[in-house]
Every structure is written in structure tokens, then in C-alpha cells.
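Participant: Here you go, one structure.
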Amino acid sequence: MTFLEFLNEQQLDAMTIQQATRYYIAEKQELPPTEMRKAIGAPEDKLDAAQQELEQDPQTLENACLATLSAGWQEDETIIRNAFAEAKTKLPVIEVAILAVVAMYGMYLAVTGGVKKKIVQRKPDGSYTETTEYYASQGPLGAIVNLVKGRGSGA
């Protein structure tokens, strides 16, 4: 089953998606929000701006959560299914600021692992080179994805 099929079958609301993202990220990486921000490695002012955008725009926050879960689905389908099951059974008691940081960190994990394709080629001297192509960042989440991609790794 694809992630899209799962979503359509479950008919989930935005809060459940956000909570499931929080549980998924907690299962993958047990870090407090301050450590998540540090792990992203972007300048504080840019992190603040991205976090504020997510806090003020519920649709962008939900899309960031969906992007995070979608990116992890193939590798972590069982963990994500369990995160949704847990999210459905617990009352939401989390601040939007924490969800925003979780969403940013989820995007960080998704982008740094979001390889579109890797190409290995033989160079004229007989050695090999590998080129990695990442998915393009577009739409409302583009600024957040570009923030993560431009964190200093040159990716």
C-alpha cells in the first residue's frame, strides 16, 4: 500500500497527521526540539523565520508533516502506521511551536535522505565518480527545504 492510499483510506485530520509526525520523529530520533534545531545546522535567524512560517500557516505545517511521513513511508511504513495508531488514541497536548520544530526536523531528515537518483560513471582516467541528484524544492515548503539543503553541506 502506498502512503497516498493509506491517507485516503484513513481519512485523517490535520491534528492527527501532525501528532503522527511527532511520534514518528520521536521514534526515529529521540531529540528535544532545541537539539533538532541544532542538528539542522542552519543559521538561527533562518530557522526562526522557517519556524514562524510553520507556526502561522497550518496548511504549510501539515504539508511539511505529510512530506516527512511520505519520505519515510517506504523504509518505515510500520513505524509510521504505529505513529498514526498512537496519534488517534491520544489527546493532542502539544504546542504548535514544538510541532513546527518537529516538522522542520522531519523535512531535514527527508531532504538529506531525499535522493532522487545516484549516477555512477567511469571517468576518462578509469576511476569512478558518483553524482547524487536530489528532488527539487518547490511550492510553499520550498523555502524550508532550501534552508535545510543550504545548511552548509553544498547539497
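Numbering starts fresh at 1 for the residues of each chain in the C-alpha cells, the chains themselves are lettered A, B, ... in the order given, and ligands are numbered from 1 as they appear.
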Which residues of stretch 16-50 of chain A sit at most 8 Å from stretch 75-92 of chain A, using only C-alpha atoms? Give each one's shortest atom pair and distance in Å (one decimal place), in chain and ascending residue order, as CSV.
Facilitator:
```
residue,atom,partner,partner_atom,distance
A:Thr16,CA,A:Ala87,CA,5.6
A:Ile17,CA,A:Phe84,CA,7.3
A:Gln19,CA,A:Ala87,CA,5.4
A:Ala20,CA,A:Ala83,CA,4.8
A:Thr21,CA,A:Ala83,CA,7.3
A:Tyr23,CA,A:Ala83,CA,5.3
A:Tyr24,CA,A:Ala83,CA,5.5
A:Glu27,CA,A:Ile79,CA,7.6
```
Participant: Atoms to include: C-alpha atoms. Write the selected residues as a JSON list (two decimals), in the first residue's frame.
Facilitator:
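Saved to selection_0.json:
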```json
[["chain", "number", "residue", "atom", "x", "y", "z"],
["A", 16, "THR", "CA", -3.68, 13.51, 13.71],
["A", 17, "ILE", "CA", -1.16, 13.95, 10.89],
["A", 19, "GLN", "CA", 0.77, 14.19, 16.04],
["A", 20, "ALA", "CA", 1.76, 11.14, 13.98],
["A", 21, "THR", "CA", 4.72, 13.11, 12.61],
["A", 23, "TYR", "CA", 5.58, 10.29, 17.19],
["A", 24, "TYR", "CA", 7.39, 9.14, 14.04],
["A", 27, "GLU", "CA", 10.76, 7.00, 17.27]]
```
Participant: Which neighbours of A:Asn63 fall inside 10 Å, counting only C-alpha atoms, when residues of the same chain fewer than 5 positions from it are skipped, and could you give them as a list in words?
Facilitator: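 Returned residues: Ala14, Ile17, Gln18, Leu54, Pro58, Thr68, Leu69, Ala103, Pro140 and Leu141 of chain A.
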Participant: Skip A:Ala100 itself and residues of its chain fewer than 2 positions away, then list as a VMD selection string all residues within 8 Å of it, counting only C-alpha atoms.
Facilitator: chain A and resid 51 to 52 54 to 55 61 96 to 98 102 to 104
Participant: List as a list in words the protein and nucleic acid residues near A:Val120, meaning an atom at most 7 Å away when only C-alpha atoms are counted, but skip any in the same chain fewer than 3 places from it.
Facilitator: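 Counting only the stated atoms, we get Tyr128, Thr129, Glu130 and Thr131 of chain A.
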Participant: Deliver the residues from the most recent selection as a file, using N, CA and C atoms, as a CSV table (one decimal), in the first residue's frame.
Facilitator:
```csv
chain,number,residue,atom,x,y,z
A,128,TYR,N,36.1,6.0,-10.9
A,128,TYR,CA,34.6,6.2,-10.9
A,128,TYR,C,34.2,7.4,-10.1
A,129,THR,N,33.1,8.0,-10.5
A,129,THR,CA,32.5,9.1,-9.8
A,129,THR,C,31.0,8.9,-9.6
A,130,GLU,N,30.5,9.4,-8.5
A,130,GLU,CA,29.1,9.2,-8.2
A,130,GLU,C,28.5,10.6,-8.1
A,131,THR,N,27.4,10.8,-8.8
A,131,THR,CA,26.7,12.1,-8.8
A,131,THR,C,25.3,11.8,-8.1
```
Participant: Between atom CA of A:Gln59 and atom CA of A:Asp13, what is the distance in Å, rounded to a tenth?
Facilitator: 11.7 Å
Participant: When you draw a straight line from atom CA of A:Arg37 to atom CA of A:Gly106, how long is it in Å?
Facilitator: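 Taking atom CA of A:Arg37 and atom CA of A:Gly106, their separation equals 10.8 Å.
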Participant: Any idea what the distance is between atom CA of A:Gln10 and atom CA of A:Cys65?
Facilitator: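 Value for the atom CA of A:Gln10-atom CA of A:Cys65 distance: 15.9 Å.
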Participant: Go through A:Val101, A:Arg22, A:Asp125, A:Gly72 and flag the residue nearest A:Lys38, using only C-alpha atoms for the distances.
Facilitator: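 Between A:Val101, A:Arg22, A:Asp125, A:Gly72, the residue approaching A:Lys38 most closely is A:Val101.
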